[in-house]
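Q: The structure is given below, and queries will be raised subsequently.
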Amino acid sequence: MDLIGRIRSAESGDVIRLLSDTDQSLTDVPEWAEEAGNELLAVEEIDDHNAFYVEKA
């Protein structure tokens, strides 16, 4: 997952934006963020994709 790689290289407090066009991400990203201890700040539905904003703990 691209998000995991970006989060690993980010500093605490950084916000990562992930764009996805798969519906499965609507459940996978929030579950992963919670399990990993990061915070899902927002999800935006934009045309044919979703934008997830995750803050690194």
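Scheme for the structure tokens: letters A, B, ... for chains in order shown; per-chain residue numbers from 1; ligand numbers from 1 in order shown.
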Show me, as a list in words, the residues that have an atom within 9 Å of segment 16-18 of chain A when counting only C-alpha atoms, minus same-chain residues fewer than 4 positions from it.

A: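 So the residues in contact are Asp2, Leu3, Arg6, Ile7, Ala10, Asn50, Ala51, Phe52, Tyr53, Val54, Glu55 and Lys56 of chain A.
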
Q: Store the residues of this selection in a file with N, CA, C and O atoms, as a JSON list (two decimals), in the first residue's frame.

A:
[["chain", "number", "residue", "atom", "x", "y", "z"],
["A", 2, "ASP", "N", 0.61, 2.17, -0.88],
["A", 2, "ASP", "CA", 1.40, 3.41, -0.96],
["A", 2, "ASP", "C", 1.34, 4.21, 0.33],
["A", 2, "ASP", "O", 2.32, 4.84, 0.72],
["A", 3, "LEU", "N", 0.21, 4.18, 0.99],
["A", 3, "LEU", "CA", 0.04, 4.95, 2.22],
["A", 3, "LEU", "C", 1.02, 4.50, 3.30],
["A", 3, "LEU", "O", 1.62, 5.33, 3.98],
["A", 6, "ARG", "N", 4.51, 5.88, 2.66],
["A", 6, "ARG", "CA", 4.58, 7.33, 2.91],
["A", 6, "ARG", "C", 4.54, 7.64, 4.41],
["A", 6, "ARG", "O", 5.26, 8.50, 4.88],
["A", 7, "ILE", "N", 3.71, 6.93, 5.14],
["A", 7, "ILE", "CA", 3.61, 7.16, 6.59],
["A", 7, "ILE", "C", 4.94, 6.82, 7.27],
["A", 7, "ILE", "O", 5.38, 7.53, 8.16],
["A", 10, "ALA", "N", 7.32, 9.65, 6.98],
["A", 10, "ALA", "CA", 6.80, 10.94, 7.44],
["A", 10, "ALA", "C", 7.18, 11.20, 8.90],
["A", 10, "ALA", "O", 7.51, 10.28, 9.65],
["A", 50, "ASN", "N", -11.63, 8.81, -4.24],
["A", 50, "ASN", "CA", -11.72, 9.32, -2.88],
["A", 50, "ASN", "C", -10.35, 9.82, -2.45],
["A", 50, "ASN", "O", -9.32, 9.25, -2.83],
["A", 51, "ALA", "N", -10.35, 10.88, -1.66],
["A", 51, "ALA", "CA", -9.11, 11.40, -1.08],
["A", 51, "ALA", "C", -9.17, 11.19, 0.43],
["A", 51, "ALA", "O", -10.13, 11.59, 1.08],
["A", 52, "PHE", "N", -8.15, 10.52, 0.95],
["A", 52, "PHE", "CA", -8.05, 10.24, 2.38],
["A", 52, "PHE", "C", -6.92, 11.09, 2.95],
["A", 52, "PHE", "O", -5.84, 11.15, 2.37],
["A", 53, "TYR", "N", -7.16, 11.72, 4.09],
["A", 53, "TYR", "CA", -6.16, 12.52, 4.76],
["A", 53, "TYR", "C", -5.85, 11.87, 6.11],
["A", 53, "TYR", "O", -6.72, 11.80, 6.97],
["A", 54, "VAL", "N", -4.61, 11.37, 6.23],
["A", 54, "VAL", "CA", -4.20, 10.63, 7.43],
["A", 54, "VAL", "C", -3.05, 11.36, 8.09],
["A", 54, "VAL", "O", -2.05, 11.69, 7.45],
["A", 55, "GLU", "N", -3.20, 11.62, 9.40],
["A", 55, "GLU", "CA", -2.15, 12.26, 10.18],
["A", 55, "GLU", "C", -1.33, 11.20, 10.91],
["A", 55, "GLU", "O", -1.89, 10.34, 11.59],
["A", 56, "LYS", "N", -0.01, 11.28, 10.75],
["A", 56, "LYS", "CA", 0.86, 10.32, 11.41],
["A", 56, "LYS", "C", 0.93, 10.63, 12.89],
["A", 56, "LYS", "O", 1.11, 11.78, 13.29]]

Q: Would you mind listing what lies within 12 Å of Glu35 of chain A as a PyMOL selection string, with only C-alpha atoms counted and same-chain residues fewer than 6 positions away left out?

A: chain A and resi 28-29+57

Q: From the set A:Pro30, A:Leu19, A:Gln24, A:Asp14, which residue has the shortest atom-to-atom contact distance to Asp47 of chain A, counting only C-alpha atoms?

A: A:Leu19

Q: A:Leu26, A:Gly5, A:Asp21, A:Glu11: which is nearest Ala42 of chain A, counting only C-alpha atoms?

A: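 Of A:Leu26, A:Gly5, A:Asp21, A:Glu11, the one nearest Ala42 of chain A is A:Leu26, counting only C-alpha atoms.
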
Q: Could you find all residues in chain A that DSSP calls helix (DSSP H, G or I) from the backbone, and write them as a CSV table (one decimal) with N, CA and C atoms, in the first residue's frame?

A:
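Below is the file states.csv, written as the result:
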chain,number,residue,atom,x,y,z
A,2,ASP,N,0.6,2.2,-0.9
A,2,ASP,CA,1.4,3.4,-1.0
A,2,ASP,C,1.3,4.2,0.3
A,3,LEU,N,0.2,4.2,1.0
A,3,LEU,CA,0.0,5.0,2.2
A,3,LEU,C,1.0,4.5,3.3
A,4,ILE,N,1.2,3.2,3.4
A,4,ILE,CA,2.1,2.7,4.5
A,4,ILE,C,3.5,3.2,4.2
A,5,GLY,N,4.0,3.1,3.0
A,5,GLY,CA,5.3,3.6,2.7
A,5,GLY,C,5.5,5.1,3.0
A,6,ARG,N,4.5,5.9,2.7
A,6,ARG,CA,4.6,7.3,2.9
A,6,ARG,C,4.5,7.6,4.4
A,7,ILE,N,3.7,6.9,5.1
A,7,ILE,CA,3.6,7.2,6.6
A,7,ILE,C,4.9,6.8,7.3
A,8,ARG,N,5.6,5.7,6.8
A,8,ARG,CA,6.9,5.3,7.5
A,8,ARG,C,7.9,6.4,7.3
A,9,SER,N,7.9,7.1,6.2
A,9,SER,CA,9.0,8.1,6.0
A,9,SER,C,8.5,9.5,6.5
A,25,SER,N,-11.1,0.8,-0.5
A,25,SER,CA,-10.4,1.7,0.4
A,25,SER,C,-11.2,2.4,1.4
A,26,LEU,N,-12.5,2.5,1.2
A,26,LEU,CA,-13.4,3.2,2.1
A,26,LEU,C,-13.5,2.4,3.4
A,27,THR,N,-13.2,1.1,3.4
A,27,THR,CA,-13.1,0.4,4.7
A,27,THR,C,-11.7,0.1,5.1
A,28,ASP,N,-10.8,-0.2,4.1
A,28,ASP,CA,-9.4,-0.6,4.4
A,28,ASP,C,-8.6,0.6,5.0
A,29,VAL,N,-8.7,1.8,4.5
A,29,VAL,CA,-7.9,2.9,5.0
A,29,VAL,C,-8.3,3.2,6.5
A,30,PRO,N,-9.6,3.4,6.8
A,30,PRO,CA,-10.0,3.7,8.1
A,30,PRO,C,-9.5,2.6,9.1
A,31,GLU,N,-9.7,1.4,8.7
A,31,GLU,CA,-9.3,0.3,9.6
A,31,GLU,C,-7.8,0.3,9.9
A,32,TRP,N,-7.0,0.5,8.8
A,32,TRP,CA,-5.6,0.5,8.9
A,32,TRP,C,-5.2,1.6,9.8
A,33,ALA,N,-5.7,2.8,9.6
A,33,ALA,CA,-5.3,4.0,10.3
A,33,ALA,C,-5.5,3.8,11.8
A,34,GLU,N,-6.7,3.2,12.2
A,34,GLU,CA,-7.0,3.0,13.6
A,34,GLU,C,-6.0,1.9,14.2
A,35,GLU,N,-5.8,0.8,13.4
A,35,GLU,CA,-4.9,-0.2,13.9
A,35,GLU,C,-3.4,0.3,14.1
A,36,ALA,N,-3.0,1.2,13.2
A,36,ALA,CA,-1.6,1.7,13.2
A,36,ALA,C,-1.5,2.8,14.2

Q: Please return, as a PDB file with N, CA and C atoms, in the first residue's frame, all residues of chain A that DSSP assigns to strand (DSSP E or B) on the basis of the backbone.

A:
ATOM      1  N   VAL A  15       0.590  15.184   7.548  1.00  0.00           N
ATOM      2  CA  VAL A  15      -0.657  14.699   6.970  1.00  0.00           C
ATOM      3  C   VAL A  15      -0.370  14.178   5.570  1.00  0.00           C
ATOM      4  N   ILE A  16      -0.769  12.944   5.335  1.00  0.00           N
ATOM      5  CA  ILE A  16      -0.578  12.286   4.043  1.00  0.00           C
ATOM      6  C   ILE A  16      -1.923  12.237   3.330  1.00  0.00           C
ATOM      7  N   ARG A  17      -1.924  12.587   2.050  1.00  0.00           N
ATOM      8  CA  ARG A  17      -3.134  12.522   1.223  1.00  0.00           C
ATOM      9  C   ARG A  17      -3.011  11.317   0.300  1.00  0.00           C
ATOM     10  N   LEU A  18      -3.991  10.440   0.367  1.00  0.00           N
ATOM     11  CA  LEU A  18      -4.023   9.258  -0.484  1.00  0.00           C
ATOM     12  C   LEU A  18      -5.222   9.358  -1.409  1.00  0.00           C
ATOM     13  N   LEU A  19      -4.992   9.181  -2.702  1.00  0.00           N
ATOM     14  CA  LEU A  19      -6.078   9.142  -3.680  1.00  0.00           C
ATOM     15  C   LEU A  19      -6.317   7.696  -4.075  1.00  0.00           C
ATOM     16  N   SER A  20      -7.579   7.292  -4.091  1.00  0.00           N
ATOM     17  CA  SER A  20      -7.909   5.920  -4.444  1.00  0.00           C
ATOM     18  C   SER A  20      -9.188   5.883  -5.264  1.00  0.00           C
ATOM     19  N   GLU A  39      -4.356   8.946  12.679  1.00  0.00           N
ATOM     20  CA  GLU A  39      -5.692   9.522  12.680  1.00  0.00           C
ATOM     21  C   GLU A  39      -6.166   9.825  11.260  1.00  0.00           C
ATOM     22  N   LEU A  40      -7.318   9.291  10.919  1.00  0.00           N
ATOM     23  CA  LEU A  40      -7.950   9.623   9.649  1.00  0.00           C
ATOM     24  C   LEU A  40      -8.689  10.938   9.857  1.00  0.00           C
ATOM     25  N   LEU A  41      -8.202  11.992   9.236  1.00  0.00           N
ATOM     26  CA  LEU A  41      -8.770  13.325   9.442  1.00  0.00           C
ATOM     27  C   LEU A  41     -10.005  13.576   8.597  1.00  0.00           C
ATOM     28  N   ALA A  42      -9.991  13.088   7.364  1.00  0.00           N
ATOM     29  CA  ALA A  42     -11.113  13.355   6.458  1.00  0.00           C
ATOM     30  C   ALA A  42     -11.078  12.406   5.280  1.00  0.00           C
ATOM     31  N   VAL A  43     -12.247  12.233   4.684  1.00  0.00           N
ATOM     32  CA  VAL A  43     -12.390  11.492   3.426  1.00  0.00           C
ATOM     33  C   VAL A  43     -13.249  12.367   2.523  1.00  0.00           C
ATOM     34  N   GLU A  44     -12.740  12.660   1.341  1.00  0.00           N
ATOM     35  CA  GLU A  44     -13.484  13.456   0.359  1.00  0.00           C
ATOM     36  C   GLU A  44     -13.819  12.582  -0.847  1.00  0.00           C
ATOM     37  N   GLU A  45     -15.046  12.649  -1.287  1.00  0.00           N
ATOM     38  CA  GLU A  45     -15.430  11.974  -2.530  1.00  0.00           C
ATOM     39  C   GLU A  45     -15.318  13.002  -3.646  1.00  0.00           C
ATOM     40  N   ILE A  46     -14.444  12.703  -4.609  1.00  0.00           N
ATOM     41  CA  ILE A  46     -14.169  13.633  -5.700  1.00  0.00           C
ATOM     42  C   ILE A  46     -14.340  12.882  -7.016  1.00  0.00           C
ATOM     43  N   HIS A  49     -12.997   9.226  -7.608  1.00  0.00           N
ATOM     44  CA  HIS A  49     -12.048   8.720  -6.612  1.00  0.00           C
ATOM     45  C   HIS A  49     -12.331   9.318  -5.237  1.00  0.00           C
ATOM     46  N   ASN A  50     -11.628   8.809  -4.244  1.00  0.00           N
ATOM     47  CA  ASN A  50     -11.716   9.316  -2.879  1.00  0.00           C
ATOM     48  C   ASN A  50     -10.347   9.822  -2.450  1.00  0.00           C
ATOM     49  N   ALA A  51     -10.347  10.877  -1.657  1.00  0.00           N
ATOM     50  CA  ALA A  51      -9.106  11.405  -1.082  1.00  0.00           C
ATOM     51  C   ALA A  51      -9.170  11.185   0.431  1.00  0.00           C
ATOM     52  N   PHE A  52      -8.152  10.523   0.952  1.00  0.00           N
ATOM     53  CA  PHE A  52      -8.046  10.243   2.382  1.00  0.00           C
ATOM     54  C   PHE A  52      -6.916  11.092   2.951  1.00  0.00           C
ATOM     55  N   TYR A  53      -7.160  11.715   4.087  1.00  0.00           N
ATOM     56  CA  TYR A  53      -6.157  12.524   4.758  1.00  0.00           C
ATOM     57  C   TYR A  53      -5.845  11.866   6.106  1.00  0.00           C
ATOM     58  N   VAL A  54      -4.606  11.372   6.234  1.00  0.00           N
ATOM     59  CA  VAL A  54      -4.202  10.631   7.426  1.00  0.00           C
ATOM     60  C   VAL A  54      -3.050  11.365   8.093  1.00  0.00           C
ATOM     61  N   GLU A  55      -3.201  11.616   9.400  1.00  0.00           N
ATOM     62  CA  GLU A  55      -2.154  12.259  10.178  1.00  0.00           C
ATOM     63  C   GLU A  55      -1.334  11.201  10.906  1.00  0.00           C
TER      64      GLU A  55
END
